[in-house]
Amino acid sequence: MTDSLWYQDTVFYELYLRAYKDSNGSGSGDFRGAIEKLDHIQSLGVDCIWILPHYPSPLKDDGYDVADYYGIHPDYGSLDDFRAFLAAAHQRGLKVVIDLVMNHTSDQHPWFQAARQDRHSPYRDYYVWSDTGREYAGARIIFLDYESANWTYDEVAGQYFWHRFYSSQPDLNYDNPAVHEEMFNIIRFWLDMGIDGFRADAVPYLYEREDTNCENLPPTHAFLRKVRRMMDEEYPGRVLIAEANQWPQDLLPYFGADGDEFHMCFHFPIMPRLYMAIRRGNKQSILDILAATPDIPAGAQWLTFLRNHDELTLEMVTPDEREWMWQQYAPDPAMRSNLGIRRRLAPLIDNHKGKWLILNSILMSLIGTPIVYYGDEIGMGDNIALPDRHGCRTPMQWDDSPNGGFSPAGATYFPVNADAEYGYQRVNVAAQEDDPNSYLNATRFLLRVRRQHPELRQGQLIMLGNDDPAVFGYWRVLGDRRTLCLYNLSAEAASFSLDLRHYVGQQLVDLLHQGQTWRIAEWPIVIRLRPYASHWLHVRSET
Ligand code: BGC
């Protein structure tokens with residue numbers, strides 16, 4: 001693998017600056033604080049940090065409403081602080097990817113302010129307007145809990161403007177070449193600063209066309225390919241990542257027919273199916289989505305995750321499956337948001353260590369480049385009393401001092417979680433440091449084993465055939481290296497017979513439970529799986 005393909009073989013860490021570490025007592029995390037915590041990030045064994053939007057913003061959508069693409073939100077510091085963060089991360093060999101919000105701006109962006117005030121302003125055409133608000137009726141509403149239409153009437157402009165998300169986020173008009181120019185300038189600005197790539201937000205929605213659902217349209221792909229071409233020519237080795245919450249067959253075009261669009265796409269649909277499988281004790285949903293996942297071009301890669309800063313999205317499941325997921329994982333309607341579930345990983349799985357290990361072991365060995373969401377490495381909880389998706393964005397819990405060591409301020413942007421099970425007094429980095437059985441050390445351990453075993457990252461994926469719906473297994477094979485990843489998805493013990501005659505004379509070593517070995521002989525090995533067991537069984541010569 002060449003250096004320019006670094007993104008195919010890494011682990012990402014998703015960092016929410018506001019929540020991470022407050023260096024100046026403002027009650028909000030910032031870049032200087034994040035620098036202080038790079039030791040922690042590095043200690044996990046991740047290779048790349050993705051930071052959520054850091055731009056000046058009225059924060060109606062937590063920074064996904066950008067008011068200035070060239071700056072830093074004053075709560076987070078200055079451009080110099082950003083540069084210092086980037087340099088400090090790079091010094092440790094950590095890459096940094098930033099969010100790029102292309103589809104829309106904040107309504108506070110000077111472009112929109114100029115546009116709404118004057119029909120003849122050159123900025124009017126930066127946005128999408130209508131006299132009737134009736135066009136593009138085929139487009140769905142995404143923020144169903146908050147918006148009733150994709151058009152909002154603006155009194156100042158005397159027209160309706162188009163928005164796919166909050167009405168405080170007017171969509172940019174990509175039919176206007178000046179918008180392309182602006183975006184290219186923004187992209188070059190940050191790449192010149194030395195970042196390693198972009199997570200491009202909400203890319204399916206750039207263009208609108210009548211009689212379509214206004215998603216994944218050909219001109220959208222054409223523009224995105226133009227961005228990629230420029231990056232390849234001017235900034236080789238940087239990565240372009242698509243956030244497109246779509247079915248696998250609709251995702252494939254985002255890689256480009258010749259691998260000439262995005263380097264990486266988030267694989268959204270696999271995520272809810274991991275939760276389905278572990279609740280049902282049945283692997284079928286995972287097998288189905290893997291079967292529906294197409295091969296991707298050489299040089300491309302999936303990004304996989306268990307949780308992120310948004311709701312656990314149920315857009316890419318059937319209505320029946322969604323209902324079932326809500327019943328199982330969000331019995332309290334307050335746990336639901338839009339078409340999803342606004343809870344964190346640990347509470348979703350009832351803080352169950354076995355389930356945690358299965359989900360994380362699958363994440364670290366199945367397909368793609370995994371992402372760890374900040375706080376999930378210590379099993380942080382959520383706070384559903386907070387509105388929207390904020391319940392999963394509470395301050396990082398560093399120790400058991402006031403505010404969990406996050407901030408010396410009297411009041412923080414949102415309170416640190418202090419509940420009995422997941423509060424900072426119990427769940428924090430310091431407490432987990434020395435506990436070999438903690439989530440923190442389990443995360444480090446999984447990442448270390450993954451790093452030591454290239455077959456887990458790059459190997460061919462071969463599903464293990466067997467009849468027990470609860471026993472889920474797959475081989476990862478790279479040259480003569482082979483590891484069988486094996487899980488019992490149910491609360492019942494299972495046993496499994498494995499015919500490994502081809503490898504007689506070698507042994508099977510469990511990478512997840514050191515010391516467990518089996519001699520491989522002419523006859524099948526019987527492997528007994530405890531409830532919710534995880535094993536990575538590596539074939540190794542006896543010497
Ligand atoms: C981001 C969300 C954001 C939306 C609009 C997304 O997909 O992940 O947090 O609200 O785009 O920008």
# chains A, B, ... in the order shown; residues from 1 in each chain; ligands from 1
call {"tool": "residues_near_ligand", "arguments": {"ligand": "ligand 1", "cutoff": "8 Å", "atoms": "only C-alpha atoms and all ligand atoms", "output": "PyMOL selection string"}}
result
chain A and resi 61-62+64-65+101+103-104+165-166+169+201-202+243-245+309-310
call {"tool": "write_last_selection", "arguments": {"atoms": "all heavy atoms", "output": "short mmCIF file (atom, residue, chain, number, x, y, z; two decimals), in the first residue's frame"}}
result
data_model
loop_
_atom_site.label_atom_id
_atom_site.label_comp_id
_atom_site.auth_asym_id
_atom_site.auth_seq_id
_atom_site.Cartn_x
_atom_site.Cartn_y
_atom_site.Cartn_z
N ASP A 61 -27.22 24.75 14.11
CA ASP A 61 -27.04 23.33 13.84
C ASP A 61 -25.60 22.94 14.21
O ASP A 61 -24.91 22.26 13.45
CB ASP A 61 -27.34 23.00 12.37
CG ASP A 61 -27.33 21.49 12.10
OD1 ASP A 61 -27.28 20.72 13.07
OD2 ASP A 61 -27.35 21.11 10.91
N ASP A 62 -25.18 23.43 15.37
CA ASP A 62 -23.89 23.05 15.95
C ASP A 62 -22.72 23.22 14.99
O ASP A 62 -21.80 22.41 14.98
CB ASP A 62 -23.96 21.61 16.43
CG ASP A 62 -23.40 21.51 17.85
OD1 ASP A 62 -22.77 22.47 18.31
OD2 ASP A 62 -23.59 20.45 18.48
N TYR A 64 -22.84 23.23 11.63
CA TYR A 64 -23.16 22.86 10.25
C TYR A 64 -23.93 24.00 9.56
O TYR A 64 -24.43 23.84 8.46
CB TYR A 64 -23.95 21.54 10.20
CG TYR A 64 -23.04 20.35 10.42
CD1 TYR A 64 -22.92 19.77 11.67
CD2 TYR A 64 -22.26 19.83 9.39
CE1 TYR A 64 -22.07 18.70 11.90
CE2 TYR A 64 -21.41 18.77 9.59
CZ TYR A 64 -21.32 18.20 10.85
OH TYR A 64 -20.46 17.14 11.06
N ASP A 65 -24.00 25.11 10.26
CA ASP A 65 -24.55 26.35 9.70
C ASP A 65 -23.40 27.37 9.71
O ASP A 65 -23.17 28.06 10.68
CB ASP A 65 -25.76 26.84 10.50
CG ASP A 65 -25.53 26.81 12.02
OD1 ASP A 65 -24.69 26.01 12.52
OD2 ASP A 65 -26.18 27.60 12.73
N VAL A 101 -18.89 21.94 4.73
CA VAL A 101 -20.34 22.01 4.55
C VAL A 101 -20.62 22.72 3.24
O VAL A 101 -20.57 23.94 3.16
CB VAL A 101 -21.02 22.73 5.74
CG1 VAL A 101 -22.53 22.57 5.66
CG2 VAL A 101 -20.49 22.21 7.07
N ASN A 103 -23.37 22.09 1.04
CA ASN A 103 -24.75 22.18 0.54
C ASN A 103 -25.44 23.49 0.91
O ASN A 103 -26.29 23.98 0.18
CB ASN A 103 -25.56 21.00 1.08
CG ASN A 103 -26.99 21.03 0.60
OD1 ASN A 103 -27.26 20.91 -0.59
ND2 ASN A 103 -27.93 21.24 1.52
N HIS A 104 -25.08 24.03 2.09
CA HIS A 104 -25.82 25.18 2.61
C HIS A 104 -24.90 26.05 3.45
O HIS A 104 -23.82 25.60 3.87
CB HIS A 104 -26.99 24.71 3.47
CG HIS A 104 -26.62 23.60 4.40
ND1 HIS A 104 -26.80 22.27 4.09
CD2 HIS A 104 -26.03 23.59 5.63
CE1 HIS A 104 -26.36 21.50 5.09
NE2 HIS A 104 -25.88 22.28 6.02
N PHE A 165 -32.24 21.28 5.20
CA PHE A 165 -32.14 21.02 6.65
C PHE A 165 -32.92 22.11 7.38
O PHE A 165 -34.03 22.43 6.97
CB PHE A 165 -30.66 20.92 7.04
CG PHE A 165 -29.99 19.72 6.38
CD1 PHE A 165 -29.33 19.84 5.16
CD2 PHE A 165 -30.07 18.47 6.96
CE1 PHE A 165 -28.76 18.73 4.54
CE2 PHE A 165 -29.50 17.36 6.35
CZ PHE A 165 -28.85 17.49 5.14
N TYR A 166 -32.37 22.68 8.45
CA TYR A 166 -33.13 23.72 9.16
C TYR A 166 -33.37 24.92 8.24
O TYR A 166 -32.56 25.22 7.35
CB TYR A 166 -32.34 24.20 10.38
CG TYR A 166 -32.27 23.21 11.51
CD1 TYR A 166 -31.05 22.75 11.95
CD2 TYR A 166 -33.43 22.76 12.14
CE1 TYR A 166 -30.97 21.85 13.00
CE2 TYR A 166 -33.35 21.85 13.19
CZ TYR A 166 -32.12 21.40 13.62
OH TYR A 166 -32.04 20.51 14.65
N GLN A 169 -30.66 27.28 7.44
CA GLN A 169 -29.56 26.80 6.59
C GLN A 169 -29.97 26.82 5.12
O GLN A 169 -30.26 25.77 4.53
CB GLN A 169 -29.18 25.37 6.99
CG GLN A 169 -28.51 25.26 8.35
CD GLN A 169 -28.50 23.81 8.85
OE1 GLN A 169 -29.55 23.20 9.04
NE2 GLN A 169 -27.32 23.27 9.06
N ASP A 201 -20.00 17.26 3.84
CA ASP A 201 -21.29 17.07 4.49
C ASP A 201 -22.43 17.05 3.47
O ASP A 201 -22.43 17.85 2.53
CB ASP A 201 -21.49 18.25 5.46
CG ASP A 201 -22.79 18.18 6.22
OD1 ASP A 201 -22.95 17.23 7.00
OD2 ASP A 201 -23.64 19.07 6.03
N ALA A 202 -23.39 16.17 3.68
CA ALA A 202 -24.67 16.24 2.98
C ALA A 202 -24.53 16.42 1.46
O ALA A 202 -25.20 17.25 0.86
CB ALA A 202 -25.51 17.38 3.56
N GLU A 243 -20.29 12.19 2.93
CA GLU A 243 -21.36 11.85 3.84
C GLU A 243 -22.63 11.80 3.01
O GLU A 243 -23.23 12.82 2.69
CB GLU A 243 -21.52 12.89 4.95
CG GLU A 243 -22.43 12.38 6.05
CD GLU A 243 -23.62 13.25 6.37
OE1 GLU A 243 -23.82 14.30 5.73
OE2 GLU A 243 -24.39 12.90 7.27
N ALA A 244 -22.99 10.61 2.60
CA ALA A 244 -24.20 10.42 1.80
C ALA A 244 -24.96 9.26 2.44
O ALA A 244 -24.53 8.11 2.33
CB ALA A 244 -23.84 10.10 0.36
N ASN A 245 -26.04 9.58 3.11
CA ASN A 245 -26.81 8.56 3.81
C ASN A 245 -27.75 7.93 2.80
O ASN A 245 -28.87 8.39 2.60
CB ASN A 245 -27.56 9.23 4.96
CG ASN A 245 -28.25 8.23 5.86
OD1 ASN A 245 -28.24 7.02 5.58
ND2 ASN A 245 -28.86 8.71 6.92
N HIS A 309 -22.14 11.83 15.91
CA HIS A 309 -22.71 13.00 16.59
C HIS A 309 -24.19 13.19 16.27
O HIS A 309 -24.84 14.03 16.89
CB HIS A 309 -21.93 14.25 16.18
CG HIS A 309 -22.05 14.54 14.71
ND1 HIS A 309 -21.48 13.73 13.74
CD2 HIS A 309 -22.71 15.50 14.04
CE1 HIS A 309 -21.78 14.21 12.55
NE2 HIS A 309 -22.53 15.28 12.69
N ASP A 310 -24.70 12.48 15.30
CA ASP A 310 -26.11 12.59 14.93
C ASP A 310 -26.92 11.48 15.60
O ASP A 310 -26.37 10.63 16.29
CB ASP A 310 -26.27 12.50 13.40
CG ASP A 310 -25.77 13.76 12.71
OD1 ASP A 310 -25.92 14.86 13.29
OD2 ASP A 310 -25.23 13.64 11.60
#
call {"tool": "residues_around", "arguments": {"residues": "Gly379 (chain A)", "least_positions_apart": "5", "cutoff": "9 Å", "atoms": "only C-alpha atoms", "output": "list in words"}}
result
Arg344, Leu345, Ala346, Pro347, Asn351, Trp356, Tyr422, Val427, Asn428, Tyr439 and Leu440 of chain A
call {"tool": "write_last_selection", "arguments": {"atoms": "all heavy atoms", "output": "CSV table (one decimal), in the first residue's frame"}}
result
chain,number,residue,atom,x,y,z
A,344,ARG,N,-26.4,7.1,23.0
A,344,ARG,CA,-25.0,6.7,22.8
A,344,ARG,C,-24.9,5.1,22.8
A,344,ARG,O,-25.8,4.4,23.2
A,344,ARG,CB,-24.1,7.3,23.8
A,344,ARG,CG,-23.4,8.5,23.4
A,344,ARG,CD,-22.3,8.8,24.4
A,344,ARG,NE,-21.6,10.1,24.1
A,344,ARG,CZ,-20.5,10.2,23.4
A,344,ARG,NH1,-19.9,9.2,22.9
A,344,ARG,NH2,-20.0,11.4,23.3
A,345,LEU,N,-23.7,4.7,22.4
A,345,LEU,CA,-23.4,3.3,22.3
A,345,LEU,C,-23.7,2.5,23.6
A,345,LEU,O,-24.4,1.5,23.6
A,345,LEU,CB,-22.0,3.1,21.8
A,345,LEU,CG,-21.5,1.6,21.8
A,345,LEU,CD1,-22.3,0.8,20.9
A,345,LEU,CD2,-20.0,1.6,21.5
A,346,ALA,N,-23.0,3.0,24.7
A,346,ALA,CA,-23.1,2.1,25.9
A,346,ALA,C,-24.6,2.0,26.4
A,346,ALA,O,-25.0,0.9,26.7
A,346,ALA,CB,-22.2,2.7,27.0
A,347,PRO,N,-25.3,3.1,26.5
A,347,PRO,CA,-26.7,2.9,27.0
A,347,PRO,C,-27.6,2.0,26.0
A,347,PRO,O,-28.4,1.3,26.4
A,347,PRO,CB,-27.3,4.3,27.0
A,347,PRO,CG,-26.1,5.2,27.0
A,347,PRO,CD,-25.0,4.5,26.4
A,351,ASN,N,-25.0,-1.2,28.6
A,351,ASN,CA,-23.6,-1.2,29.2
A,351,ASN,C,-23.1,-2.7,29.4
A,351,ASN,O,-22.5,-3.0,30.3
A,351,ASN,CB,-23.7,-0.6,30.6
A,351,ASN,CG,-22.5,0.3,30.9
A,351,ASN,OD1,-21.6,0.3,30.1
A,351,ASN,ND2,-22.6,1.0,32.0
A,356,TRP,N,-20.6,-5.0,23.9
A,356,TRP,CA,-19.7,-3.9,23.5
A,356,TRP,C,-18.5,-4.5,22.7
A,356,TRP,O,-18.1,-4.0,21.6
A,356,TRP,CB,-19.2,-3.2,24.7
A,356,TRP,CG,-18.3,-2.0,24.4
A,356,TRP,CD1,-18.7,-0.7,24.4
A,356,TRP,CD2,-16.9,-2.0,24.2
A,356,TRP,NE1,-17.7,0.1,24.1
A,356,TRP,CE2,-16.5,-0.7,23.9
A,356,TRP,CE3,-15.9,-3.0,24.1
A,356,TRP,CZ2,-15.2,-0.3,23.7
A,356,TRP,CZ3,-14.6,-2.6,23.8
A,356,TRP,CH2,-14.3,-1.3,23.6
A,422,TYR,N,-23.7,6.5,34.3
A,422,TYR,CA,-22.7,6.9,33.3
A,422,TYR,C,-22.1,8.2,33.7
A,422,TYR,O,-21.3,8.8,32.9
A,422,TYR,CB,-23.4,7.1,31.9
A,422,TYR,CG,-24.0,5.8,31.4
A,422,TYR,CD1,-25.4,5.6,31.5
A,422,TYR,CD2,-23.2,4.9,30.8
A,422,TYR,CE1,-25.9,4.4,31.0
A,422,TYR,CE2,-23.7,3.7,30.3
A,422,TYR,CZ,-25.1,3.5,30.4
A,422,TYR,OH,-25.6,2.3,30.0
A,427,VAL,N,-17.7,7.1,35.3
A,427,VAL,CA,-17.2,6.8,34.0
A,427,VAL,C,-16.2,8.0,33.5
A,427,VAL,O,-16.7,9.1,33.3
A,427,VAL,CB,-18.3,6.7,33.0
A,427,VAL,CG1,-17.8,6.6,31.5
A,427,VAL,CG2,-19.2,5.6,33.3
A,428,ASN,N,-14.9,7.7,33.6
A,428,ASN,CA,-14.0,8.7,33.1
A,428,ASN,C,-12.7,8.1,32.7
A,428,ASN,O,-12.4,6.9,33.1
A,428,ASN,CB,-13.8,9.8,34.2
A,428,ASN,CG,-13.2,9.3,35.5
A,428,ASN,OD1,-12.1,8.8,35.5
A,428,ASN,ND2,-14.0,9.3,36.6
A,439,TYR,N,-13.4,-0.3,29.2
A,439,TYR,CA,-13.7,0.0,27.8
A,439,TYR,C,-12.4,0.6,27.1
A,439,TYR,O,-12.1,0.3,26.0
A,439,TYR,CB,-14.9,0.9,27.6
A,439,TYR,CG,-16.2,0.3,27.9
A,439,TYR,CD1,-17.1,1.0,28.7
A,439,TYR,CD2,-16.6,-0.9,27.4
A,439,TYR,CE1,-18.4,0.4,29.0
A,439,TYR,CE2,-17.9,-1.5,27.6
A,439,TYR,CZ,-18.8,-0.8,28.4
A,439,TYR,OH,-20.0,-1.3,28.6
A,440,LEU,N,-11.8,1.5,27.9
A,440,LEU,CA,-10.7,2.3,27.3
A,440,LEU,C,-9.6,1.3,26.9
A,440,LEU,O,-9.1,1.4,25.8
A,440,LEU,CB,-10.2,3.3,28.4
A,440,LEU,CG,-8.9,4.1,28.0
A,440,LEU,CD1,-9.2,4.9,26.7
A,440,LEU,CD2,-8.5,5.0,29.2
call {"tool": "residues_around", "arguments": {"residues": "Glu542 (chain A)", "least_positions_apart": "5", "cutoff": "12 Å", "atoms": "only C-alpha atoms", "output": "ChimeraX atom specification"}}
result
/A:503-509,517-520
call {"tool": "closest_atom_pairs", "arguments": {"of": "region 159-226 of chain A", "to": "region 133-154 of chain A", "cutoff": "8 Å", "atoms": "only C-alpha atoms", "output": "CSV"}}
result
residue,atom,partner,partner_atom,distance
A:Gln159,CA,A:Tyr153,CA,5.7
A:Tyr160,CA,A:Tyr153,CA,4.0
A:Phe161,CA,A:Trp151,CA,5.5
A:Trp162,CA,A:Trp151,CA,4.7
A:His163,CA,A:Asn150,CA,5.1
A:Arg164,CA,A:Asn150,CA,5.6
A:Phe165,CA,A:Phe143,CA,5.9
A:Tyr166,CA,A:Glu147,CA,6.7
A:Ser167,CA,A:Thr152,CA,6.5
A:Glu208,CA,A:Tyr136,CA,7.0
A:Arg209,CA,A:Tyr136,CA,6.7
A:Glu210,CA,A:Tyr136,CA,5.2
A:Asp211,CA,A:Gly138,CA,6.4
A:Thr212,CA,A:Gly138,CA,5.8
A:Asn213,CA,A:Ala139,CA,4.4
A:Cys214,CA,A:Ala139,CA,5.6
A:Glu215,CA,A:Ala139,CA,7.8
call {"tool": "select_by_dssp", "arguments": {"residues": "region 337-384 of chain A", "states": "strand (DSSP E or B)", "output": "JSON, numbers by chain"}}
result
{"A": [337, 340, 341, 369, 370, 371, 372, 373]}
call {"tool": "select_by_dssp", "arguments": {"residues": "region 345-431 of chain A", "states": "helix (DSSP H, G or I)", "output": "PyMOL selection string"}}
result
chain A and resi 345-348+353-363+376-378+390-392+402-405+429-431
call {"tool": "write_last_selection", "arguments": {"atoms": "N, CA and C atoms", "output": "PDB file, in the first residue's frame"}}
result
ATOM      1  N   LEU A 345     -23.698   4.705  22.401  1.00  0.00           N
ATOM      2  CA  LEU A 345     -23.435   3.271  22.303  1.00  0.00           C
ATOM      3  C   LEU A 345     -23.676   2.513  23.620  1.00  0.00           C
ATOM      4  N   ALA A 346     -23.045   2.951  24.709  1.00  0.00           N
ATOM      5  CA  ALA A 346     -23.110   2.143  25.942  1.00  0.00           C
ATOM      6  C   ALA A 346     -24.557   1.983  26.436  1.00  0.00           C
ATOM      7  N   PRO A 347     -25.344   3.073  26.530  1.00  0.00           N
ATOM      8  CA  PRO A 347     -26.736   2.880  26.959  1.00  0.00           C
ATOM      9  C   PRO A 347     -27.556   2.040  25.969  1.00  0.00           C
ATOM     10  N   LEU A 348     -27.247   2.130  24.691  1.00  0.00           N
ATOM     11  CA  LEU A 348     -28.000   1.330  23.711  1.00  0.00           C
ATOM     12  C   LEU A 348     -27.858  -0.158  23.985  1.00  0.00           C
ATOM     13  N   LYS A 353     -20.803  -5.606  28.560  1.00  0.00           N
ATOM     14  CA  LYS A 353     -19.420  -5.719  28.067  1.00  0.00           C
ATOM     15  C   LYS A 353     -19.299  -6.668  26.878  1.00  0.00           C
ATOM     16  N   GLY A 354     -20.041  -7.764  26.939  1.00  0.00           N
ATOM     17  CA  GLY A 354     -19.964  -8.738  25.842  1.00  0.00           C
ATOM     18  C   GLY A 354     -20.470  -8.137  24.542  1.00  0.00           C
ATOM     19  N   LYS A 355     -21.610  -7.434  24.637  1.00  0.00           N
ATOM     20  CA  LYS A 355     -22.158  -6.810  23.418  1.00  0.00           C
ATOM     21  C   LYS A 355     -21.216  -5.716  22.921  1.00  0.00           C
ATOM     22  N   TRP A 356     -20.629  -4.978  23.852  1.00  0.00           N
ATOM     23  CA  TRP A 356     -19.702  -3.916  23.470  1.00  0.00           C
ATOM     24  C   TRP A 356     -18.538  -4.519  22.680  1.00  0.00           C
ATOM     25  N   LEU A 357     -18.021  -5.657  23.196  1.00  0.00           N
ATOM     26  CA  LEU A 357     -16.858  -6.256  22.537  1.00  0.00           C
ATOM     27  C   LEU A 357     -17.242  -6.816  21.167  1.00  0.00           C
ATOM     28  N   ILE A 358     -18.423  -7.422  21.065  1.00  0.00           N
ATOM     29  CA  ILE A 358     -18.837  -7.939  19.754  1.00  0.00           C
ATOM     30  C   ILE A 358     -18.928  -6.794  18.763  1.00  0.00           C
ATOM     31  N   LEU A 359     -19.659  -5.747  19.121  1.00  0.00           N
ATOM     32  CA  LEU A 359     -19.868  -4.654  18.157  1.00  0.00           C
ATOM     33  C   LEU A 359     -18.539  -4.011  17.769  1.00  0.00           C
ATOM     34  N   ASN A 360     -17.683  -3.789  18.752  1.00  0.00           N
ATOM     35  CA  ASN A 360     -16.408  -3.146  18.435  1.00  0.00           C
ATOM     36  C   ASN A 360     -15.469  -4.087  17.680  1.00  0.00           C
ATOM     37  N   SER A 361     -15.502  -5.366  18.002  1.00  0.00           N
ATOM     38  CA  SER A 361     -14.646  -6.312  17.275  1.00  0.00           C
ATOM     39  C   SER A 361     -15.103  -6.418  15.825  1.00  0.00           C
ATOM     40  N   ILE A 362     -16.426  -6.410  15.612  1.00  0.00           N
ATOM     41  CA  ILE A 362     -16.925  -6.436  14.227  1.00  0.00           C
ATOM     42  C   ILE A 362     -16.482  -5.155  13.519  1.00  0.00           C
ATOM     43  N   LEU A 363     -16.666  -4.030  14.195  1.00  0.00           N
ATOM     44  CA  LEU A 363     -16.279  -2.751  13.591  1.00  0.00           C
ATOM     45  C   LEU A 363     -14.809  -2.765  13.185  1.00  0.00           C
ATOM     46  N   ASP A 376     -17.086   7.261  23.309  1.00  0.00           N
ATOM     47  CA  ASP A 376     -17.494   5.853  23.269  1.00  0.00           C
ATOM     48  C   ASP A 376     -16.345   4.944  23.701  1.00  0.00           C
ATOM     49  N   GLU A 377     -15.109   5.445  23.639  1.00  0.00           N
ATOM     50  CA  GLU A 377     -13.983   4.619  24.073  1.00  0.00           C
ATOM     51  C   GLU A 377     -13.978   4.421  25.586  1.00  0.00           C
ATOM     52  N   ILE A 378     -14.793   5.208  26.311  1.00  0.00           N
ATOM     53  CA  ILE A 378     -14.921   4.947  27.758  1.00  0.00           C
ATOM     54  C   ILE A 378     -16.367   4.591  28.115  1.00  0.00           C
ATOM     55  N   HIS A 390     -28.138  16.926  20.952  1.00  0.00           N
ATOM     56  CA  HIS A 390     -27.131  17.354  21.926  1.00  0.00           C
ATOM     57  C   HIS A 390     -26.898  16.344  23.042  1.00  0.00           C
ATOM     58  N   GLY A 391     -27.868  15.484  23.284  1.00  0.00           N
ATOM     59  CA  GLY A 391     -27.715  14.501  24.362  1.00  0.00           C
ATOM     60  C   GLY A 391     -26.519  13.584  24.174  1.00  0.00           C
ATOM     61  N   CYS A 392     -26.054  13.454  22.932  1.00  0.00           N
ATOM     62  CA  CYS A 392     -24.879  12.609  22.650  1.00  0.00           C
ATOM     63  C   CYS A 392     -23.639  13.463  22.429  1.00  0.00           C
ATOM     64  N   PRO A 402     -14.618  18.237  39.451  1.00  0.00           N
ATOM     65  CA  PRO A 402     -15.798  18.963  38.961  1.00  0.00           C
ATOM     66  C   PRO A 402     -15.786  19.102  37.430  1.00  0.00           C
ATOM     67  N   ASN A 403     -16.953  19.016  36.835  1.00  0.00           N
ATOM     68  CA  ASN A 403     -17.107  19.029  35.369  1.00  0.00           C
ATOM     69  C   ASN A 403     -16.319  17.903  34.692  1.00  0.00           C
ATOM     70  N   GLY A 404     -16.031  16.878  35.425  1.00  0.00           N
ATOM     71  CA  GLY A 404     -15.346  15.722  34.834  1.00  0.00           C
ATOM     72  C   GLY A 404     -13.973  16.065  34.289  1.00  0.00           C
ATOM     73  N   GLY A 405     -13.355  17.138  34.810  1.00  0.00           N
ATOM     74  CA  GLY A 405     -12.034  17.517  34.321  1.00  0.00           C
ATOM     75  C   GLY A 405     -12.078  18.173  32.958  1.00  0.00           C
ATOM     76  N   VAL A 429     -11.896   8.840  31.971  1.00  0.00           N
ATOM     77  CA  VAL A 429     -10.652   8.302  31.409  1.00  0.00           C
ATOM     78  C   VAL A 429      -9.702   7.870  32.530  1.00  0.00           C
ATOM     79  N   ALA A 430      -9.525   8.741  33.547  1.00  0.00           N
ATOM     80  CA  ALA A 430      -8.546   8.440  34.598  1.00  0.00           C
ATOM     81  C   ALA A 430      -8.880   7.124  35.299  1.00  0.00           C
ATOM     82  N   ALA A 431     -10.161   6.922  35.592  1.00  0.00           N
ATOM     83  CA  ALA A 431     -10.558   5.704  36.316  1.00  0.00           C
ATOM     84  C   ALA A 431     -10.314   4.462  35.465  1.00  0.00           C
TER      85      ALA A 431
END
call {"tool": "closest_residue", "arguments": {"among": "A:Arg83, A:Leu172, A:Asp399, A:Gly299", "to": "Arg124 (chain A)", "atoms": "only C-alpha atoms"}}
result
A:Leu172
call {"tool": "closest_residue", "arguments": {"among": "A:Phe112, A:Phe184, A:Phe255, A:Phe223", "to": "Pro294 (chain A)", "atoms": "only C-alpha atoms"}}
result
A:Phe255
call {"tool": "residues_around", "arguments": {"residues": "Lys37 (chain A)", "least_positions_apart": "2", "cutoff": "12 Å", "atoms": "only C-alpha atoms", "output": "ChimeraX atom specification"}}
result
/A:15,17,19-23,29-35,39-44,85,88-89,374,396-398,405-406,429
call {"tool": "residues_around", "arguments": {"residues": "region 263-276 of chain A", "least_positions_apart": "5", "cutoff": "6 Å", "atoms": "only C-alpha atoms", "output": "list in words"}}
result
Leu240, Ile241, Ala242, Glu243, Asn245, Ser285, Ile286, Ala300, Gln301, Trp302, Leu303, Thr304, Leu306 and Met316 of chain A
call {"tool": "residues_around", "arguments": {"residues": "Arg343 (chain A)", "least_positions_apart": "6", "cutoff": "12 Å", "atoms": "only C-alpha atoms", "output": "ChimeraX atom specification"}}
result
/A:306-313,326,329-337,349-350,376,379-394
call {"tool": "write_last_selection", "arguments": {"atoms": "C-alpha atoms", "output": "compact mmCIF listing (two decimals), in the first residue's frame"}}
result
# COMPACT_ATOMS: atom_id res chain seq x y z
CA LEU A 306 -21.26 2.40 15.51
CA ARG A 307 -22.28 5.88 16.59
CA ASN A 308 -21.60 9.49 15.64
CA HIS A 309 -22.71 13.00 16.59
CA ASP A 310 -26.11 12.59 14.93
CA GLU A 311 -29.03 10.37 15.81
CA LEU A 312 -28.53 6.66 15.09
CA THR A 313 -30.15 7.02 11.72
CA TRP A 326 -37.57 2.15 17.99
CA TYR A 329 -33.79 0.72 21.48
CA ALA A 330 -35.91 3.82 22.06
CA PRO A 331 -38.94 2.76 24.10
CA ASP A 332 -39.22 6.29 25.47
CA PRO A 333 -40.30 8.65 22.66
CA ALA A 334 -37.83 11.20 24.06
CA MET A 335 -35.08 8.87 22.83
CA ARG A 336 -36.22 9.32 19.22
CA SER A 337 -35.28 12.07 16.84
CA ILE A 349 -26.46 -1.98 24.68
CA ASP A 350 -27.32 -1.68 28.39
CA ASP A 376 -17.49 5.85 23.27
CA GLY A 379 -18.60 4.02 27.39
CA MET A 380 -20.02 7.49 28.03
CA GLY A 381 -23.78 7.82 28.41
CA ASP A 382 -26.23 10.30 26.93
CA ASN A 383 -28.57 12.92 28.33
CA ILE A 384 -31.95 12.79 26.64
CA ALA A 385 -33.14 15.80 28.61
CA LEU A 386 -31.06 17.90 26.21
CA PRO A 387 -32.74 18.89 22.95
CA ASP A 388 -32.15 17.60 19.42
CA ARG A 389 -28.92 15.58 19.08
CA HIS A 390 -27.13 17.35 21.93
CA GLY A 391 -27.71 14.50 24.36
CA CYS A 392 -24.88 12.61 22.65
CA ARG A 393 -22.58 15.64 22.61
CA THR A 394 -21.99 16.22 26.33
